[in-house]
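Before any comments, here is the structure.
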Amino acid sequence: MHYTITEIAAITNATLTSGEPVEITECSIDSRTILRAGRTLFFALKGERHDGHDYIPALHAAGARAFVVSEWRPEFDALAGANFILADDVLRALQALAAHHRRHSPAEVIGITGSDGKTIVKEWIYQLAPGAWRLYRGPLSYNSQVGVPLSLLGIEENAAIAVIEAGISRPGEMERLREMIDPDVGIFTHLGDAHGENFASRQEKLDEKARLFRHCKLIIGQEGEPLDRIRRACPRAACLTWGEAPCAAVRVLGQRVDGDGREIEAEYRGERFRFTIPFADEASRENAMHVACFLLSRGLPPREIDERTRRLVPVAMRMEIKEGINDCTLVNDFYNSDPASFRHSLQALAAREPGKERVVILSDFEESGRAAADLYREAGEAIREAGVTRFIGIGENIGRFREAFPPGARFHESTAHFLRHEEREGFRGQLVLLKGARRFQFEYIAGFLQKQSHGTLLEVDINAMVYNLNYFRTLTPARLAVMVKAFSYGSGTREIAALLQYHRVDYLMVAFADEGIELRAAGITLPIAVMNPEREAFDNMIAFNLEPEIYALDLLHDFEQALARHGVKRFPAHVKLNTGMNRSGLDEGEIPALVDFFSVPRALFARSLFSHLVGSDDPAHDDFTRLQADRFERMTAAVQACLDYPIWRHLLNSAGIERFPGYHYDMVRLGIGLHGISAAGAPLQPVSSFKTHVAATRRVAAGQPVGYSRASITARDSIVATLPVGYADGLNRHLGNRAGEVAVRGQRVPFIGNICMDSCMIDVTDTGAAVGDEVEIFGKQIPVTEMAARLGTIPYEVLTGVSQRVKRVYFKE
C-alpha cells in the first residue's frame, strides 16, 4: 500500500493535523511490532485494558510520524513533526481505509466463512494455486473486525487474487466485514457449533454468515443445507457445489481411505478424475473438496488436481518457540515462505526477548508472480529495519541477490549445504527465526540448532495463557502482578516473562534474586519484586533494580545500608505484614517501629504493603479470610496515616481475585490462575501439557510381572508400552501400578508396574497404540487438577515438579 497522509485523512473522512510529509506503506495497531516506524500509520485503538493513545509518545521517539486518534492529549503538542488524523472512531477509520484499498485493488477477492476450516481452506488454496495466478492471502486467522482490515491492507499491487477469511461471533458483525471484503467469489466451509452462544439458533447464525456473499458472482460449498439457505439469500450468485447428490456440480463418486491418506473419485462436467490427499480425516476431505472446486472454477484441468493435492501439507496454525543450543531461542515458522508471511514473522520476532541479538535464516520465497529482484530487495530492507544483525539465506534464488541483504550475510545453496558448513558453536545467546518453504526441510535446521533432549516435552500453550490472563483482567481494575517464581510454575521463566511484558502486566514477582537477574539478562524491563531477598544478594538486587519484599525489621535496616554503599538515593520496597499465615511478615505490634523507620527521610521507601491469605480458595476459611482482611486494613491504615506519600496495598492471589472482589485494593497477584486453575470453576484453558511418546510395545502373557519388584501382574494377555519418561522427569512414582492414567489415541489407559527413573510402562491392550504415538500425561485430556487429586496434593506441586531436563515447547496460533 502507498498513500499520503492527506489521502488517508480524506478516505477516512477525518481531520488532519499535518506535520512532516510522510508516505504510508504500512498500518499497525500494535506498538510492539512496528518495523518501519517512519512509514507506518499507527491506529490508536482502545481496549478494555489498553489504550493505543498511551503509546504514541514512545512511538514518536522511535521515529513514527503518523497516528490515527480519537482524542487529543496535551502531550501530543510536543511531538514535533507528527501527523495526527483525528477520527470519531479509530476502528471505523481503519475499516474505511481497508474498504477503500480493497475497492481500488485490481485483485479478484475470494471471501471464506464458516464455523470451521476457514484458515485451512485459505492456506491450501495458497499451497495449490499456480504461481502465475499471483495469489495473496491474509495472515493466519486474521478474520475479525480488526484482523480483516489488516488483511485487506496487505493486498499487494500486483496481486490478481486475494483470499480473505471472515469470522463472526455475534449478530451484526458480518455486515461490517462484508462492506470491507465485498467478495467476488464466496466459499462456505461448514456450519458447526462454534460461537453459537450469541445466536438464537443455527439458522440465525447461518443467515448472518450468508451476508458475506450478498454481492458474490459465485458461491462454492457442499450441496444441500446449509448451502440451499445461502442460495436463497443470494439468488443472483451462481453456485459451484460438491457432494454425492446428482445435482452437485462436482459429484463425489467414491472414496477410499488408505492409511494416512484418502483417494477421492469425482466427476466434473462429464470428466471423471481422481485425486489423493495425504490426510484420512473427514474434515480434511471437506476442506480439500472446497479447494478442488475453487481450482476447477479457475479453469485448472481436473487431471492436474491430483498432482497438486498430493503435495498438501498440514497448515502450521502455530508458531513454535523452542530452547536452542548455547542459550539461543528458536522461533520456528518454516512451513511456508512468502513475502507477506515473512513480514509477520519479523513482527513476531520484534516482540520477543529484546535483549538478544536477532538472527534470520530464510529460504527462497515460493513462486509469487513478482520480480525476484523486488522481492529480495524488500526482504533485505525489512531485515535491516527489524534490527536483524545476522542473516543466512538458503536457496539458489536468494543467493543471486546477496547484495540486497546486510553486510556479512551468508548464503547456502541448500539446507544440506548449510548443515555441512555451519558450526553449532557459531550460534550463541541469539534469537533465531527459521522461515523456510516446506521443500527446504528446515526441520533439519531446527534439529541442528535445538537444545538436545529426549522426546518428552512440556507444551506451553501461549494462546491459552493469554486467554487466562485476560479473564483475570476482566475481574479487576487493580494493577496486576504476576508470579513467575519456580521456573514460572514449571512453564519456563524467561519465555513467560517475555510474554507478560508483551502484554504489559504491571509487575513480576520471583522467589529469589538469581531468578530476577536471569530475567534482566533476557531483556525484561518490567518492575520485578523478589519475595525472598537474601542478604548476600542485596548488591546484585540493587545493581539489577530488583525490589525487595521486606518481611522483618532487620531486613529494612540492612537493605538501607546496602543502598548507602551503592550511593542510591531512592529505591522501592514491598513490606509484608503477617495477618494470620504466621509464616513471615511484620506483626501488628511492629507497626510503630515500621512507621518510625519510614518517617525519617531515607533511600528506601515503601512502594506497597501486602499480606498472604491462608485459604482464599476454600469457602470453609472465608470467615478467617475476612478476619485477615480486617487486620490488613487496620495495619495498612496505621502506616499510611503517618506517611505523606501513597502506598499500594495488595492481598489477593488467584483464588482471591475470583472470590473476593471487595479486597482488590491497588494491586492483585496472579499465579496459578494464569496456568488455567480456577477456584471459582471458571472455564479457564489448560496451559501446560506434559507429553511423551510410545518408545516400544510388547506382548505380555496373562499372569506375568511387569516392572521392578513384580509390583503389577497382568490379569490377561496384554500389550504393554514403554514410555521414555520417569520420576527423574517429574512423573510421580505414586501413579504407578494402575493408580494413574495417561491418554493415548484418545483413550485413557493405566500405568502398569512401578514408575522407573527414566521410563515407565502403560497397558495399551485394545487401543491399537503403536511406536511413536503421542501420549499425554496431563494437559487437555487429563487435567492437572485430576492428577493432583489422585496424588493427594495440589496442582502447584505437579506443575513445578516437571524436571528442567524436560524440553519446553511454546506455541501460539
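Please note that chains go A, B, ... in the order of the C-alpha cells, that every chain numbers its residues from 1, and that ligands are numbered from 1 in the order shown.
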
Any chance you could tabulate, as CSV, the residues of segment 398-429 of chain A at most 8 Å from segment 307-327 of chain A with each one's nearest atom pair and distance in Å to one decimal, using only C-alpha atoms, in chain and rising number order?
```
residue,atom,partner,partner_atom,distance
A:Arg424,CA,A:Ile325,CA,7.7
A:Glu425,CA,A:Asn326,CA,7.5
A:Phe427,CA,A:Asn326,CA,6.9
A:Arg428,CA,A:Asn326,CA,4.9
A:Gly429,CA,A:Asp327,CA,4.7
```

Grab the residues selected above and save them as a PDB file, in the first residue's frame with all heavy atoms.
```
ATOM      1  N   ARG A 424      27.696 -25.265  14.956  1.00  0.00           N
ATOM      2  CA  ARG A 424      26.725 -25.024  16.023  1.00  0.00           C
ATOM      3  C   ARG A 424      27.257 -24.023  17.047  1.00  0.00           C
ATOM      4  O   ARG A 424      26.503 -23.249  17.623  1.00  0.00           O
ATOM      5  CB  ARG A 424      26.363 -26.346  16.728  1.00  0.00           C
ATOM      6  CG  ARG A 424      25.664 -27.339  15.830  1.00  0.00           C
ATOM      7  CD  ARG A 424      25.395 -28.654  16.534  1.00  0.00           C
ATOM      8  NE  ARG A 424      24.124 -28.621  17.245  1.00  0.00           N
ATOM      9  CZ  ARG A 424      23.965 -29.001  18.495  1.00  0.00           C
ATOM     10  NH1 ARG A 424      25.004 -29.399  19.199  1.00  0.00           N
ATOM     11  NH2 ARG A 424      22.785 -28.964  19.069  1.00  0.00           N
ATOM     12  N   GLU A 425      28.559 -24.017  17.251  1.00  0.00           N
ATOM     13  CA  GLU A 425      29.133 -23.089  18.223  1.00  0.00           C
ATOM     14  C   GLU A 425      29.034 -21.643  17.764  1.00  0.00           C
ATOM     15  O   GLU A 425      29.238 -20.723  18.546  1.00  0.00           O
ATOM     16  CB  GLU A 425      30.591 -23.458  18.503  1.00  0.00           C
ATOM     17  CG  GLU A 425      30.755 -24.702  19.348  1.00  0.00           C
ATOM     18  CD  GLU A 425      30.034 -24.586  20.692  1.00  0.00           C
ATOM     19  OE1 GLU A 425      30.230 -23.565  21.378  1.00  0.00           O
ATOM     20  OE2 GLU A 425      29.258 -25.497  21.031  1.00  0.00           O
ATOM     21  N   PHE A 427      26.395 -20.199  16.984  1.00  0.00           N
ATOM     22  CA  PHE A 427      25.104 -19.676  17.435  1.00  0.00           C
ATOM     23  C   PHE A 427      25.118 -19.678  18.954  1.00  0.00           C
ATOM     24  O   PHE A 427      25.162 -20.735  19.586  1.00  0.00           O
ATOM     25  CB  PHE A 427      23.956 -20.537  16.899  1.00  0.00           C
ATOM     26  CG  PHE A 427      23.840 -20.513  15.410  1.00  0.00           C
ATOM     27  CD1 PHE A 427      24.581 -21.388  14.618  1.00  0.00           C
ATOM     28  CD2 PHE A 427      23.003 -19.603  14.789  1.00  0.00           C
ATOM     29  CE1 PHE A 427      24.486 -21.363  13.241  1.00  0.00           C
ATOM     30  CE2 PHE A 427      22.895 -19.578  13.403  1.00  0.00           C
ATOM     31  CZ  PHE A 427      23.644 -20.453  12.624  1.00  0.00           C
ATOM     32  N   ARG A 428      25.074 -18.479  19.534  1.00  0.00           N
ATOM     33  CA  ARG A 428      25.208 -18.375  20.987  1.00  0.00           C
ATOM     34  C   ARG A 428      24.447 -17.141  21.485  1.00  0.00           C
ATOM     35  O   ARG A 428      24.709 -16.027  21.044  1.00  0.00           O
ATOM     36  CB  ARG A 428      26.677 -18.281  21.369  1.00  0.00           C
ATOM     37  CG  ARG A 428      26.952 -18.356  22.866  1.00  0.00           C
ATOM     38  CD  ARG A 428      28.438 -18.494  23.131  1.00  0.00           C
ATOM     39  NE  ARG A 428      28.961 -19.773  22.650  1.00  0.00           N
ATOM     40  CZ  ARG A 428      28.889 -20.907  23.341  1.00  0.00           C
ATOM     41  NH1 ARG A 428      28.323 -20.917  24.544  1.00  0.00           N
ATOM     42  NH2 ARG A 428      29.389 -22.025  22.846  1.00  0.00           N
ATOM     43  N   GLY A 429      23.496 -17.364  22.391  1.00  0.00           N
ATOM     44  CA  GLY A 429      22.781 -16.264  23.025  1.00  0.00           C
ATOM     45  C   GLY A 429      21.953 -15.429  22.069  1.00  0.00           C
ATOM     46  O   GLY A 429      21.755 -14.240  22.301  1.00  0.00           O
TER      47      GLY A 429
END
```

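Proximity to Leu35 of chain A at 8 Å, evaluated using only C-alpha atoms and with sequence-adjacent residues fewer than 5 positions away removed, yields Gln347, Ala350, Ala382, Glu385 and Ala386 of chain A.
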
Among the residues of segment 654-693 of chain A, find those DSSP assigns to strand (DSSP E) from the backbone and print them as JSON, numbers by chain. {"A": [667, 668, 669, 670, 688, 689, 690, 691, 692, 693]}

Filtering to C-alpha atoms, could you give me those residues as a PDB file, in the first residue's frame?
```
ATOM      1  CA  MET A 667      -2.812  -4.487  43.077  1.00  0.00           C
ATOM      2  CA  VAL A 668      -3.504  -8.227  42.891  1.00  0.00           C
ATOM      3  CA  ARG A 669      -1.100 -11.150  42.461  1.00  0.00           C
ATOM      4  CA  LEU A 670      -1.874 -13.675  39.732  1.00  0.00           C
ATOM      5  CA  SER A 688       0.755 -26.899  30.099  1.00  0.00           C
ATOM      6  CA  SER A 689       0.592 -30.350  28.520  1.00  0.00           C
ATOM      7  CA  PHE A 690       3.115 -32.936  29.705  1.00  0.00           C
ATOM      8  CA  LYS A 691       3.659 -35.286  26.758  1.00  0.00           C
ATOM      9  CA  THR A 692       5.831 -38.170  25.659  1.00  0.00           C
ATOM     10  CA  HIS A 693       5.583 -40.967  23.105  1.00  0.00           C
TER      11      HIS A 693
END
```

Compile the contact shell of Ala409 of chain A as a list in words: residues with an atom at most 7 Å away, counting only C-alpha atoms, same-chain residues fewer than 5 positions apart removed.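 Skipping anything fewer than 5 positions along the chain leaves Arg390, Phe391 and Ile392 of chain A.
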
Atom CA of Asp184 of chain A and atom CA of Ile161 of chain A, how far apart in Å?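 If I compute the distance from atom CA of Ile161 of chain A to atom CA of Asp184 of chain A, I get 10.1 Å.
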
Quick one: residues within 12 Å of segment 276-279 of chain A, only C-alpha atoms counted, chain neighbours fewer than 6 positions away excluded, as a PyMOL selection string? chain A and resi 124+128+255-266+285-289+291-292+303-315

Can you spit out the residues from that selection as a short mmCIF file (atom, residue, chain, number, x, y, z; two decimals), in the first residue's frame, using C-alpha atoms?
```
data_model
loop_
_atom_site.label_atom_id
_atom_site.label_comp_id
_atom_site.auth_asym_id
_atom_site.auth_seq_id
_atom_site.Cartn_x
_atom_site.Cartn_y
_atom_site.Cartn_z
CA TRP A 124 -4.46 -24.89 0.97
CA LEU A 128 -2.01 -25.39 -4.61
CA GLN A 255 -13.55 -42.50 -1.83
CA ARG A 256 -11.05 -44.86 -0.27
CA VAL A 257 -9.09 -44.37 2.94
CA ASP A 258 -5.62 -45.88 2.77
CA GLY A 259 -3.50 -45.49 5.90
CA ASP A 260 -2.96 -41.77 6.46
CA GLY A 261 -4.36 -40.74 3.08
CA ARG A 262 -7.64 -40.62 1.22
CA GLU A 263 -8.35 -41.07 -2.50
CA ILE A 264 -11.43 -39.30 -3.84
CA GLU A 265 -13.13 -40.05 -7.17
CA ALA A 266 -15.24 -37.27 -8.64
CA ARG A 285 -11.84 -34.32 2.93
CA GLU A 286 -14.35 -31.47 3.18
CA ASN A 287 -11.64 -28.82 3.12
CA ALA A 288 -9.96 -30.46 0.12
CA MET A 289 -13.25 -30.56 -1.80
CA VAL A 291 -10.22 -26.22 -2.56
CA ALA A 292 -10.67 -28.55 -5.55
CA ARG A 303 -6.33 -34.08 -14.34
CA GLU A 304 -4.00 -31.56 -12.67
CA ILE A 305 -5.83 -31.64 -9.35
CA ASP A 306 -4.20 -34.89 -8.22
CA GLU A 307 -0.61 -33.85 -8.79
CA ARG A 308 -1.24 -30.77 -6.68
CA THR A 309 -3.28 -32.23 -3.81
CA ARG A 310 -0.66 -34.92 -3.19
CA ARG A 311 1.67 -32.07 -2.14
CA LEU A 312 -0.67 -30.71 0.53
CA VAL A 313 0.99 -30.25 3.89
CA PRO A 314 -0.59 -29.57 7.29
CA VAL A 315 -1.28 -25.93 7.94
#
```

When you draw a straight line from atom CA of Leu362 of chain A to atom CA of Ile394 of chain A, how long is it in Å?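 We find that atom CA of Leu362 of chain A and atom CA of Ile394 of chain A lie 6.1 Å from each other.
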
At a cut-off of 9 Å, using only C-alpha atoms, what residues contact Ile445 of chain A? Leave out same-chain residues fewer than 6 positions from it and give the result as a ChimeraX atom specification. /A:415,418-419,434

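For Gly299 of chain A, the list of residues within 12 Å, based on only C-alpha atoms and with local chain neighbours fewer than 3 positions off taken out, reads Ala129, Pro130, Trp133, Tyr268, Arg269, Ala292, Cys293, Phe294, Leu295, Leu296, Pro302, Arg303, Glu304 and Ile305 of chain A.
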
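Using only C-alpha atoms, the nearest neighbour of Leu457 of chain A within the list A:Val802, A:Val146, A:Ala529, A:Ile112 is A:Val802.
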